[in-house]
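Asker: Questions regarding the structure given below will be posed in turn.
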Protein chains: 4
Amino acid sequence: MIIELKNNVSEARAQELAQELKAFCIHYDGRYTLITSSSVKELEAKYHSDADRITVLNDDMQLSSRAWKQETRTIDINGVKIGGSTNHTLLIAGPCSVESEEQIEQSATLLKELGISTLRAGAFKPRTSPYTFQGMGLDGLKLLKKMREKYGFNIITEVRDATQVEDIIEYSDIIQIGAKSMYDHGILKRCGKTQKPVLIKRGFGTTLQEFLQCAEFVLAGGNPNVILCERGIRTFETKTRFTLDLCGAAWMKEYSNLPIILDPSHAIGYAYGVPDLARACTAMGVDGLLIEVHPNPKVAKSDASQQLNHDQFRELTGSLKKVAEAIGRKII
Amino acid sequence: MIIELKNNVSEARAQELAQELKAFCIHYDGRYTLITSSSVKELEAKYHSDADRITVLNDDMQLSSRAWKQETRTIDINGVKIGGSTNHTLLIAGPCSVESEEQIEQSATLLKELGISTLRAGAFKPRTSPYTFQGMGLDGLKLLKKMREKYGFNIITEVRDATQVEDIIEYSDIIQIGAKSMYDHGILKRCGKTQKPVLIKRGFGTTLQEFLQCAEFVLAGGNPNVILCERGIRTFETKTRFTLDLCGAAWMKEYSNLPIILDPSHAIGYAYGVPDLARACTAMGVDGLLIEVHPNPKVAKSDASQQLNHDQFRELTGSLKKVAEAIGRKII
Amino acid sequence: MIIELKNNVSEARAQELAQELKAFCIHYDGRYTLITSSSVKELEAKYHSDADRITVLNDDMQLSSRAWKQETRTIDINGVKIGGSTNHTLLIAGPCSVESEEQIEQSATLLKELGISTLRAGAFKPRTSPYTFQGMGLDGLKLLKKMREKYGFNIITEVRDATQVEDIIEYSDIIQIGAKSMYDHGILKRCGKTQKPVLIKRGFGTTLQEFLQCAEFVLAGGNPNVILCERGIRTFETKTRFTLDLCGAAWMKEYSNLPIILDPSHAIGYAYGVPDLARACTAMGVDGLLIEVHPNPKVAKSDASQQLNHDQFRELTGSLKKVAEAIGRKII
Amino acid sequence: MIIELKNNVSEARAQELAQELKAFCIHYDGRYTLITSSSVKELEAKYHSDADRITVLNDDMQLSSRAWKQETRTIDINGVKIGGSTNHTLLIAGPCSVESEEQIEQSATLLKELGISTLRAGAFKPRTSPYTFQGMGLDGLKLLKKMREKYGFNIITEVRDATQVEDIIEYSDIIQIGAKSMYDHGILKRCGKTQKPVLIKRGFGTTLQEFLQCAEFVLAGGNPNVILCERGIRTFETKTRFTLDLCGAAWMKEYSNLPIILDPSHAIGYAYGVPDLARACTAMGVDGLLIEVHPNPKVAKSDASQQLNHDQFRELTGSLKKVAEAIGRKII
């Protein structure tokens, strides 16, 4: 149950009520709001005088649901806006990993050339084997910071586990919680305490219900700026690396108030299919795309097979704009 | 191994060779062609004088592969062409099932109004329960025939099992082999003996490799006119009915020479997501779409939740045209 | 809804009622029984005088459910009984395919030596590629018949598609409907008209609900002798061929009144794991096991990797008996 | 590649070699051993004089593979031994969560009565919703410690994220890394630095290859005491909560040298199936079982539906002993 308190209810009173009701308490849209378990279906009469609006929900997808807030949330990333009524499709691009200053500078130059505002690259890589490249770590974050300062990008980079969450919050403009970390309470709870936008990637074995409930950890913690990212689920099909779940994206558009970003590169895992899939994602009318592009994919230290080269990416960008226009949206 | 015989090799000689090599023998593109198991990697020297071109393949995806024929096949459905260099995206629409003359006539009128050439509707329904509507059977086929005669449509309808394959071949312009029947040798082999186009739907538990191998049964049987249809696979996600595998569609575009049609209606199973998904499918640059539309979805006897109503479908058609144009294709 | 009519209701009256209620009519346990869709929740008062017992069900798993008949059905296969209160675990063994008289005779001799009553072997193989061994067909069935006549076995063999269902019914003692054919209405409906036991294998992409509903086609058609067989479902894991669903087996034991047989050979697809899995299956307390054994697995024409050799099978049989005893059952 | 150095190679030299070869360096079985990426297939001649044995491996499943060490590892948990040649099947039991002193004491008493040495219970629960019971945290760990001191149990409890890993290491005898945390590098790397046994649960969307590679993080970090736990994977089937992958267990027995424990309770998610599945797991000949039992399952704060009550568990224990005996093993 979500209880939006009256505007004149003080923080102290709100906290008191939260304790009595075993509820989370957030300050949102100018007033205090309490969230209890969705199993609570009725509010005692004595609390009614403090409540402005009560929303009873079917399940624990609460703050993220359109059943509570019909309109899609607007997320402001240092002035770049997505969601709401913007009709923006944010193109986020960059290499899988920061590998060197030269490499990330080449990526930055490409993005600048194409007018792209948001640079992605991983510094802490959640590899499944200990014997492969694990990312540049803090040095990678520093290179990303340098690119931001030089070119004015927003930076999105991934937190792998709770031990580096503080660094990621400091160095990024959008905190990315990866598919393998999205159940991590340590990360989720910490991200609830900042106001920086958080992009959560759906785990490849995660149901939509669980995915939205992970977002609830951040939202109920007090951070309203959560973006959902579908990046492919694991199915029986192995010709492609994962299966991009656009039916799931349609479901999220219908039932959730959070902006949605799609990642075709990780989904298919092979560059040959990325352009067609990126166009399909754009035609879905979602709020953004994450695409991997590398100055020289063949020598990439991670995910070599799925990264586009610069020429492929230039060509793709042009066609994405046309598809976006065809459905009344704009690539930013 | 595929052995294209020289143009002057006679049918008798081709059949003789087929027997010696335990190969299938088809007449394709003006000459006889033999297909052995892909485990055969070398052709004895004594046969070389009959052979014009030999293609050794990695696996039993042979006649359907771009490794053998680079260009996409052109399929001619009574003058309506898809594949090849047409840049056509064929829009196929209609109700899940033929339910009555009045209903199918309403569907026909809508298609006529929108300039759509191909009507879909099922007469033999492969329901998973014996206690639900099983389709109108032969009476349904006769109604479809009536619509063809009155409006000039091409008709596509599904064969459920081998007992009605002759009827379906007689009454349809495109034979649809359903997701639950696609391993049926009785149907596949019979369809290899006609020249009518055959649309095979991928089973929801079927790998891409197996799917293409099912197509090989028809192709090796002598019918070159096979269309692949992806309609959603079964995954752990149950908020939607199935998961439309567009990564798989990208793989098929890359590796197969058969035209591809996508069916967003069966994939998601809910009308709310069909328009977005249909636009995504169109943006993939595939050869066609199958969309379910019903005069009054609420009273539909099968798949009520996923069928668009006529107004929704009219609106969708307009936007599909724009998306197709944006990528240089044309909805037909 | 299942309506068991009073014992004195005549066939003519039962058929009349079936027509009025759009119900299936079977003769079971000495009286006529009608089965309507499970969406029917109430029976009109005027029919109450004919009805002895009315069972309202949640879904279309009706005749197969313990909600209707609590006790497991007893199936009598020419005097060999499973299910009911027998505590029998029927061991069915034999090669994947009949390949030659010599080979099947070797298999028969092994079974005879070990006191096994039921011989399995395929004659019509539902291969996924047209370019591989498709089975011996009718000649294979004749060899199986020969083994039955010589050694007194019960024979179980698979119907691949509706075109050979008559032959299979004639030549087998248990009709096997394979995983790829279990949605085939042509086969299911035909099997409803015989009284021979029918073993239905769960499709690898089939839910338990759908699986039971396939059984309903046979049961509602009038054949009460249906056996369920779990043989592995398709999951994301590819180190093994399929994933044996013993959780599903536990569910079927709890909710269905049909005997259950497990097939560890097809599930894992590799001989190394078959003994451990066969012991696990036995410890589940199910009604039978299907195990593939071949005189010389290396040269087997199908499923070579998963078949045990004769020595491995002899050893396994001994340990299965001990495991069965430990839980109060008997391998027959 | 695994390079076992000669017994006389010093730590300093081993570390020097590790740096040159970009290898992990562990001390195992009385000598230093280096592990490089499995992509390294040849060792330069100049290093041969330091090496005693070189094992080239196909993939990054290295220290955990039988290709390197044929025999199963023996794990000693404060004198309780599993694996190796023990033929022990360790029965681990207890409630899903510590809920109160009274509750955990009741569980402890039951285990004591039945001679069970290892108590399981969660203090930090990796719930998928923020609005449900999250576990007692540190207070729960303290109650577990009390039970150990009073009854002499070994305690196994779960680390949820890297923020509480130190506490878990301190309070437990076996560190449990849960299915949702098994990709967590922060946890895995920290567990590599202790010598306490670590039980890693397979993620429900995790391939066997990835699962073993997670174990490699701990093994290559220097802790040889890793136990694998299969607890059900997520498939399309939803009648049961997960699908216990016994084919995967068979594969792990064949290819890995790590002891294997199975968890039927989490797999099926319903108490009705746990006894049959537990017997099946025992018959697989694995090294242990994890079973949930609660003094009063109906009021359990988490996983209420899957926990056995005390009487059910007593009865089960008796039958597990018989099944174990039937295959020459002993429940401890």
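In the structure tokens, each chain is lettered A, B, ... as it comes, each chain's residues begin at 1, and ligands are numbered from 1 in order of appearance.
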Counting only C-alpha atoms, what are the residues of chain D within 8 Å of chain B, and for each of them which pair of atoms is the nearest and at what distance in Å, to one decimal? Sort the table by chain and rising number, as CSV.
Answerer:
```
residue,atom,partner,partner_atom,distance
D:Arg234,CA,B:Phe236,CA,6.4
D:Thr235,CA,B:Phe236,CA,5.0
D:Phe236,CA,B:Phe236,CA,4.2
D:Glu237,CA,B:Phe236,CA,7.2
```
Asker: Could you name the residues that touch stretch 168-173 of chain B at 6 Å or less, counting only C-alpha atoms, but leaving out those on the same chain fewer than 5 positions away, as a VMD selection string?
Answerer: chain B and resid 154 to 156
Asker: I'd like the contact shell of B:Ala278 - 8 Å cut-off, only C-alpha atoms, skipping same-chain residues fewer than 4 positions apart - returned as a ChimeraX atom specification.
Answerer: /B:264,274,282,289,320
Asker: Neighbouring residues of A:Glu325 were defined as those with any atom within 9 Å, considering only C-alpha atoms; residues of the same chain fewer than 6 positions away were excluded. Please report them as a PyMOL selection string.
Answerer: (chain A and resi 331) or (chain B and resi 323+326)
Asker: From the DSSP assignment of the backbone, select every residue of stretch 40-274 of chain D that is strand (DSSP E), and format the answer as a ChimeraX atom specification.
Answerer: /D:51-55,74-77,80-83,88-94,118-120,154-159,174-177,198-201,226-230,260-262
Asker: With distances taken over only C-alpha atoms, which of B:Asn58, B:Thr157, B:Ser10, B:Thr132 is nearest to C:Lys22?
Answerer: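 The shortest atom-to-atom distance to C:Lys22 comes from B:Thr132.
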